[in-house]
Structures are given as C-alpha cells and as structure tokens.
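What follows is a single structure, written as structure tokens, with notes after it.
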Amino acid sequence: MRAMLCTILMTVNLLLLCTNSIAETYSLSVGEKLSFNYFVAGLPFQGEFMVSDSKFELNFDYPEKSTFMVQFDIKQSNAGFPAATKAMLSKRGLDASQFPLARFKSIDVVSENEKFEVLGNLQIKNVAKPIKLIITSLGEYSSGSDQISFLINAKFKRREFNVNGYYPLVGNIIVLDDKMPLIRER
C-alpha cells in the first residue's frame with residue numbers, strides 16, 4: 001500500500017512539474033521587410049532585409065519555452081538606394097550571389113513583462129554569431145490572438161560576419177529597429 005501511495009505521489013509530482021502548454025505558431029508574411037539602420041561617413045541610412053521564411057512558436061504559459069526563427073532573402077534586400085544596394089549585395093558586402101540567405105534562430109528566451117530577451121545565432125555568409133534581440137509586445141495578446149504586433153531591437157557588428165567591404169566609410173554597426181506583425185498560422 002505504501003509503495004502504491006509513493007508511486008501515485010511521484011506521478012502527480014511529475015505531471016505538475018512537466019506540464020507542457022501548447023505553443024501557438026505565428027509567422028511573418030513572406031515579403032515582409034525588416035528595417036535596419038547603418039552609417040556612411042557618419043550619416044544615417046536605412047535599408048530593408050526581405051523576410052523569406054519565419055516561425056515563431058509562442059508559449060503563452062511558459063514564454064521561456066518559446067522559439068524564434070527568421071530567414072532573410074539577401075538578394076531581395078536593399079540598402080536604401082541603388083548604389084548602396086549594389087555595394088551591399090556585392091562580393092565585398094554580403095556576397096548575395098554565393099550566400100543568398102541569412103538566418104536567425106533562437107537558443108534562449110527570457111520573458112519579463114511584455115518583453116522577450118532572445119539570445120540566438122545570426123548566420124550571415126555561413127558565419128554564425130550570437131546576438132541578442134529585444135522583442136517588445138505592442139498591446140495585449142493571448143493564445144487566441146490572430147495577430148501580434150511587436151518591436152524588434154538589436155545591433156550587431158557586420159565585420160564579425162566577414163562583411164568588411166567599404167569599411168571604415170560604411171560603419172561597422174547594423175541596428176535592427178522595426179515594428180513587425182506576426183500572423184497566427186492555422
């Protein structure tokens with residue numbers, strides 16, 4: 001009898017400790033653009049990375065179990081004006097002909113209030129480096145929400161990804177700072 005009681009208590013504890021809630025899957029629309037900022041000779045410019053794929057598994061009960069993935073089509077991205085775009089896509093820049101995709105995939109998520117601090121690997125030109133994204137929810141949302149808007153903020157050093165062209169004329173820091181709409185997948 002005592003063995004059976006211990007077994008029942010252990011089973012209840014395991015169920016309580018290992019409860020998984022179901023994550024909702026969201027994505028960015030293909031063709032959505034993520035704005036980035038950079039500097040040329042100290043002057044600010046803005047470009048856009050074109051989203052080609054994304055998947056956001058949002059766990060509303062346990063946000064730290066959420067996962068984020070975004071893939072960018074470098075060939076369809078732009079640096080804000082034709083000459084800068086040509087330079088950005090060239091072999092001295094992102095080398096879009098050889099490396100047409102860039103990708104971010106989360107490895108750790110911390111949630112506090114309406115913000116996610118997302119540590120993940122950004123891969124550009126087959127070089128993967130950790131970066132931290134700050135994702136801030138805009139408005140109320142729940143597991144039943146069909147659309148969620150958020151702000152994304154991050155910065156990284158392009159030269160760490162072997163994107164060395166036109167340095168120091170073109171600055172090293174790339175800043176992501178944009179509002180993005182997530183659409184719930186059905």
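Residues are referred to by chain and number: the chain letter is A, B, ... according to the order shown in the structure tokens, the number counts from 1 in that chain, and ligands are numbered separately from 1 in the order shown.
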
Worksheet item: If you run DSSP on the backbone, which residues of range 10-179 of chain A are strand (DSSP E or B), as a VMD selection string?
Response: chain A and resid 24 to 27 33 to 40 43 to 58 67 to 78 101 to 112 115 to 124 127 to 138 147 to 157 170 173 to 179

Discussion item. Taking 5 positions as the minimum chain separation for residues in the same chain, which residues sit within 6 Å of range 40-48 of chain A when counting only C-alpha atoms? Answer as JSON, numbers by chain.
Written reply: {"A": [33, 34, 35, 77, 78, 79, 80, 169, 170]}

Response to the item:
Judged by only C-alpha atoms, the minimum distance to Lys155 in chain A among A:Ser54, A:Ser90, A:Asn172, A:Ser29 is found for A:Asn172

Fill in: Å distance separating CA of Lys65 in chain A from CA of Thr25 in chain A, one decimal place
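Separation of CA of Lys65 in chain A and CA of Thr25 in chain A: 12.7 Å.
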
Discussion item. List as a PyMOL selection string the protein and nucleic acid residues near range 125-132 of chain A, meaning an atom at most 10 Å away when only C-alpha atoms are counted, but skip any in the same chain fewer than 3 places from it.
Written reply: chain A and resi 93-96+98-109+117-122+135+153-157+160-163

Worksheet item: Where in range 2-143 of chain A does DSSP assign helix (DSSP H, G or I), given as a PyMOL selection string?
Response: chain A and resi 2-17+63-65+82-89

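Of the listed residues A:Ala84, A:Ile148, A:Ile134, A:Met69, the one whose atoms come nearest to Leu176 in chain A is A:Ile134, with distances taken using only C-alpha atoms.
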
Discussion item. So that I can see what lies close to Leu58 in chain A, please list as a PyMOL selection string the residues with an atom at most 7 Å from it, counting only C-alpha atoms and leaving out residues fewer than 4 positions away in the same chain.
Written reply: chain A and resi 23-25+63+66-67

Residues from last step as file, C-alpha atoms, as an mmCIF file, in the first residue's frame:
```cif
data_model
loop_
_atom_site.group_PDB
_atom_site.id
_atom_site.type_symbol
_atom_site.label_atom_id
_atom_site.label_comp_id
_atom_site.auth_asym_id
_atom_site.auth_seq_id
_atom_site.Cartn_x
_atom_site.Cartn_y
_atom_site.Cartn_z
ATOM 1 C CA ALA A 23 2.621 26.785 -28.172
ATOM 2 C CA GLU A 24 0.865 28.777 -30.862
ATOM 3 C CA THR A 25 2.646 29.095 -34.212
ATOM 4 C CA PRO A 63 7.327 32.183 -22.520
ATOM 5 C CA SER A 66 9.122 29.955 -26.990
ATOM 6 C CA THR A 67 11.293 29.693 -30.108
#
```

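Taking CA of Val30 in chain A and CA of Phe49 in chain A as the two end points, the separation is 11.5 Å.
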
Response to the item:
Expressed in Å, the length from CA of Phe116 in chain A to CA of Phe56 in chain A is 12.3 Å

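For the choices A:Leu182, A:Val51, A:Ile22, A:Thr85, the atom-to-atom distance to Ser145 in chain A is smallest for A:Leu182 when using only C-alpha atoms.
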